[in-house]
>>> print(open('target10.txt').read())   # compact mmCIF, C-alpha atoms
# COMPACT_ATOMS: atom_id res chain seq x y z
CA MET A 1 25.68 33.26 9.81
CA LYS A 2 25.77 29.63 10.94
CA THR A 3 24.50 26.83 8.76
CA GLN A 4 21.75 24.81 10.35
CA PHE A 5 21.70 21.10 9.71
CA LEU A 6 18.49 19.20 10.05
CA PRO A 7 18.54 15.61 11.26
CA ARG A 8 18.71 13.16 8.38
CA ALA A 9 15.97 10.70 7.69
CA PRO A 10 16.99 7.11 8.35
CA LEU A 11 18.70 5.53 5.39
CA VAL A 12 16.72 2.94 3.51
CA ASN A 13 18.55 0.19 1.68
CA ILE A 14 16.84 0.26 -1.70
CA PRO A 15 17.64 -2.69 -3.96
CA MET A 16 19.64 -1.78 -7.06
CA LYS A 17 16.64 -2.79 -9.14
CA LEU A 18 13.07 -3.09 -8.02
CA LEU A 19 11.68 -5.75 -10.32
CA TYR A 20 8.06 -5.30 -11.32
CA VAL A 21 5.73 -5.54 -14.27
CA GLY A 22 2.90 -3.05 -14.54
CA ASP A 23 1.69 0.49 -14.33
CA ILE A 24 3.63 2.27 -11.59
CA SER A 25 6.33 4.85 -12.20
CA LYS A 26 9.86 4.27 -10.99
CA GLN A 27 9.49 7.25 -8.65
CA ASP A 28 6.25 5.91 -7.16
CA ALA A 29 7.83 2.47 -6.77
CA MET A 30 10.76 3.98 -4.87
CA VAL A 31 8.47 5.99 -2.56
CA LEU A 32 6.34 2.91 -1.87
CA TYR A 33 9.40 0.77 -1.17
CA LYS A 34 10.87 3.43 1.12
CA HIS A 35 7.73 3.58 3.29
CA ALA A 36 7.22 -0.18 3.27
CA SER A 37 10.83 -1.23 3.85
CA THR A 38 10.63 -0.97 7.66
CA ALA A 39 7.19 -2.58 7.99
CA THR A 40 6.58 -6.06 9.33
CA ASN A 41 2.97 -6.43 8.19
CA ILE A 42 1.51 -4.76 5.07
CA LEU A 43 -2.04 -4.68 3.70
CA GLU A 44 -2.64 -3.62 0.13
CA PHE A 45 -5.85 -2.97 -1.79
CA GLY A 46 -5.25 -3.36 -5.52
CA SER A 47 -2.91 -6.14 -6.65
CA GLY A 48 -0.40 -5.42 -9.39
CA ALA A 49 2.97 -3.74 -9.81
CA SER A 50 2.75 -2.38 -6.26
CA THR A 51 2.44 -5.94 -4.97
CA GLN A 52 5.70 -6.80 -6.66
CA VAL A 53 7.42 -3.73 -5.19
CA LEU A 54 6.14 -4.66 -1.73
CA ALA A 55 7.42 -8.22 -2.25
CA HIS A 56 10.99 -6.83 -2.17
CA THR A 57 10.54 -6.05 1.54
CA THR A 58 10.85 -8.48 4.43
CA ALA A 59 7.26 -7.78 5.54
CA LYS A 60 4.35 -10.19 5.48
CA ILE A 61 2.07 -8.94 2.71
CA THR A 62 -1.67 -9.36 2.28
CA SER A 63 -3.15 -8.09 -0.97
CA ILE A 64 -6.89 -7.59 -1.52
CA ASP A 65 -8.41 -7.26 -4.98
CA THR A 66 -11.93 -7.14 -6.40
CA GLU A 67 -11.08 -9.32 -9.41
CA GLN A 68 -9.99 -12.94 -9.06
CA ALA A 69 -8.47 -12.86 -12.56
CA TRP A 70 -6.27 -9.93 -11.55
CA ILE A 71 -5.17 -11.80 -8.43
CA GLU A 72 -4.05 -14.68 -10.64
CA VAL A 73 -2.08 -12.31 -12.91
CA ALA A 74 -0.40 -10.74 -9.87
CA ARG A 75 0.42 -14.17 -8.43
CA GLN A 76 1.96 -15.28 -11.74
CA ASN A 77 4.02 -12.07 -12.04
CA LEU A 78 5.48 -12.67 -8.56
CA LYS A 79 6.40 -16.20 -9.59
CA ASP A 80 7.89 -15.09 -12.94
CA LEU A 81 10.05 -12.48 -11.19
CA ASN A 82 11.10 -14.98 -8.50
CA LEU A 83 9.65 -12.79 -5.73
CA LYS A 84 8.23 -14.05 -2.46
CA GLU A 85 4.67 -15.25 -2.10
CA VAL A 86 1.91 -12.89 -0.98
CA ASP A 87 -1.37 -13.74 0.73
CA PHE A 88 -4.09 -12.80 -1.76
CA VAL A 89 -7.64 -12.17 -0.60
CA HIS A 90 -10.68 -11.55 -2.78
CA TRP A 91 -12.68 -8.40 -1.94
CA ASN A 92 -15.65 -10.51 -0.81
CA ASN A 93 -13.47 -12.07 1.93
CA ARG A 94 -11.62 -8.89 2.97
CA HIS A 95 -13.04 -8.65 6.50
CA GLU A 96 -10.95 -11.66 7.54
CA ALA A 97 -7.81 -9.68 6.64
CA TYR A 98 -8.91 -6.76 8.85
CA LYS A 99 -8.42 -8.87 11.99
CA ALA A 100 -4.65 -8.29 11.84
CA THR A 101 -2.74 -5.08 12.59
CA TYR A 102 -0.71 -3.44 9.83
CA ASP A 103 2.28 -1.08 9.87
CA VAL A 104 1.57 0.00 6.30
CA VAL A 105 -1.68 0.01 4.35
CA PHE A 106 -1.59 0.84 0.65
CA ASP A 107 -4.86 1.90 -1.02
CA ASP A 108 -4.69 1.55 -4.82
CA GLY A 109 -7.64 -0.64 -5.75
CA ASP A 110 -10.85 -0.16 -7.68
CA PRO A 111 -11.64 3.58 -7.39
CA SER A 112 -15.29 2.93 -6.55
CA PHE A 113 -14.23 1.04 -3.39
CA ARG A 114 -11.23 3.10 -2.21
CA LYS A 115 -13.01 5.24 0.38
CA GLN A 116 -14.87 2.20 1.72
CA PHE A 117 -11.59 0.30 2.04
CA PHE A 118 -9.92 3.26 3.78
CA ASN A 119 -12.74 3.55 6.31
CA GLU A 120 -12.95 -0.20 6.92
CA VAL A 121 -9.22 -0.80 7.32
CA PHE A 122 -8.41 2.32 9.34
CA LYS A 123 -9.01 0.46 12.62
CA SER A 124 -6.48 -2.21 11.53
CA LEU A 125 -3.67 0.30 11.17
CA SER A 126 -1.14 0.14 14.00
CA VAL A 127 -0.51 3.22 16.12
CA GLY A 128 2.07 5.21 14.18
CA GLY A 129 1.35 3.19 11.05
CA LYS A 130 1.19 4.62 7.55
CA LEU A 131 -1.77 4.61 5.22
CA LEU A 132 -0.63 5.35 1.68
CA ALA A 133 -2.92 6.11 -1.27
CA HIS A 134 -1.97 6.03 -4.95
CA ASP A 135 -3.51 8.02 -7.81
CA THR A 136 -5.04 10.59 -5.46
CA ARG A 137 -5.48 13.23 -8.14
CA CYS A 138 -8.60 11.57 -9.47
CA PRO A 139 -11.91 13.42 -9.89
CA SER A 140 -13.38 11.95 -6.70
CA ASN A 141 -12.83 13.64 -3.36
CA TRP A 142 -12.87 10.32 -1.48
CA LEU A 143 -9.44 10.82 0.09
CA TYR A 144 -10.23 14.29 1.44
CA GLU A 145 -13.52 13.02 2.84
CA ALA A 146 -11.85 9.99 4.44
CA ILE A 147 -9.15 12.15 6.03
CA SER A 148 -11.78 14.56 7.30
CA ASP A 149 -13.86 11.69 8.72
CA ASN A 150 -10.82 10.41 10.66
CA GLN A 151 -9.04 13.67 11.42
CA ASN A 152 -8.94 13.11 15.18
CA GLU A 153 -6.99 9.88 14.67
CA ILE A 154 -4.53 11.10 12.03
CA ASP A 155 -1.21 12.52 13.14
CA ASN A 156 0.25 13.59 9.80
CA VAL A 157 -0.90 13.92 6.20
>>> encode(input="target10.txt", output="structure tokens")
Amino acid sequence: MKTQFLPRAPLVNIPMKLLYVGDISKQDAMVLYKHASTATNILEFGSGASTQVLAHTTAKITSIDTEQAWIEVARQNLKDLNLKEVDFVHWNNRHEAYKATYDVVFDDGDPSFRKQFFNEVFKSLSVGGKLLAHDTRCPSNWLYEAISDNQNEIDNV
């Protein structure tokens, strides 16, 4: 019986240490970095540890949050860790950010706005782009509903 070898996924150069402060597991940080590492333009909903992980990439990053105070904490954490600057946008001004096209969109903001964000930003995702969602095992079915609503446009879940 011959052994069958499957093609390998492209190697991703993961930094020895992903520096971040906040509530994201090391495994989740590595998965996020892996998917974001080849992107050129990233949009995130929910500033925090994920913002810091994304700041290790070469991509331009825009981060939307519902709380101005949280944006300031995220901005300070980037500065304290000597990571690159990120364009922060308050939720009330988010539609301006939707005018760009993104290779990666990360949905990890206020749970009551996640489905709305997904549906609003879906048109800003580039063809072949990735939309990632964190903490999807929550009581709400928003992600399943959003996928169902956009099933004709989604290639892979």
>>> closest_residue(input="target10.txt", among="A:Lys130, A:Arg75, A:Lys123, A:His35", to="A:Asp87", atoms="only C-alpha atoms")
A:Arg75
>>> atom_distance(input="target10.txt", atom1="atom CA of A:Phe118", atom2="atom CA of A:Lys79")
28.7 Å
>>> residues_around(input="target10.txt", residues="A:Leu19", least_positions_apart="2", cutoff="8 Å", atoms="all atoms listed in the file", output="list in words")
Lys17, Val21, Gln52, Val53 and Leu81 of chain A
>>> atom_distance(input="target10.txt", atom1="atom CA of A:Thr57", atom2="atom CA of A:Lys34")
9.5 Å
>>> atom_distance(input="target10.txt", atom1="atom CA of A:Ser50", atom2="atom CA of A:Val31")
10.8 Å
>>> closest_atom_pairs(input="target10.txt", of="stretch 37-69 of chain A", to="stretch 101-107 of chain A", cutoff="6 Å", atoms="all atoms listed in the file", output="tab-separated table")
residue	atom	partner	partner_atom	distance
A:Ala39	CA	A:Asp103	CA	5.5
A:Asn41	CA	A:Tyr102	CA	5.0
A:Ile42	CA	A:Val104	CA	4.9
A:Leu43	CA	A:Val105	CA	4.7
A:Glu44	CA	A:Phe106	CA	4.6
A:Phe45	CA	A:Asp107	CA	5.0
>>> closest_residue(input="target10.txt", among="A:Arg114, A:Lys99, A:Asn82, A:Ala36", to="A:Asp65", atoms="all atoms listed in the file")
A:Arg114
>>> closest_residue(input="target10.txt", among="A:Lys84, A:Arg94, A:His134, A:Lys115", to="A:Thr58", atoms="only C-alpha atoms")
A:Lys84
>>> closest_residue(input="target10.txt", among="A:Pro111, A:Asp80, A:Leu54, A:Asn92", to="A:Glu67", atoms="only C-alpha atoms")
A:Asn92
>>> axis_aligned_box(input="target10.txt", around="stretch 98-117 of chain A", padding_each_side="5 Å", output="JSON")
{"center_x": -6.5, "center_y": -1.8, "center_z": 2.5, "size_x": 27.6, "size_y": 24.1, "size_z": 30.3}
>>> closest_residue(input="target10.txt", among="A:Ile61, A:Ala49, A:Leu32, A:Val89", to="A:Val73", atoms="all atoms listed in the file")
A:Ala49
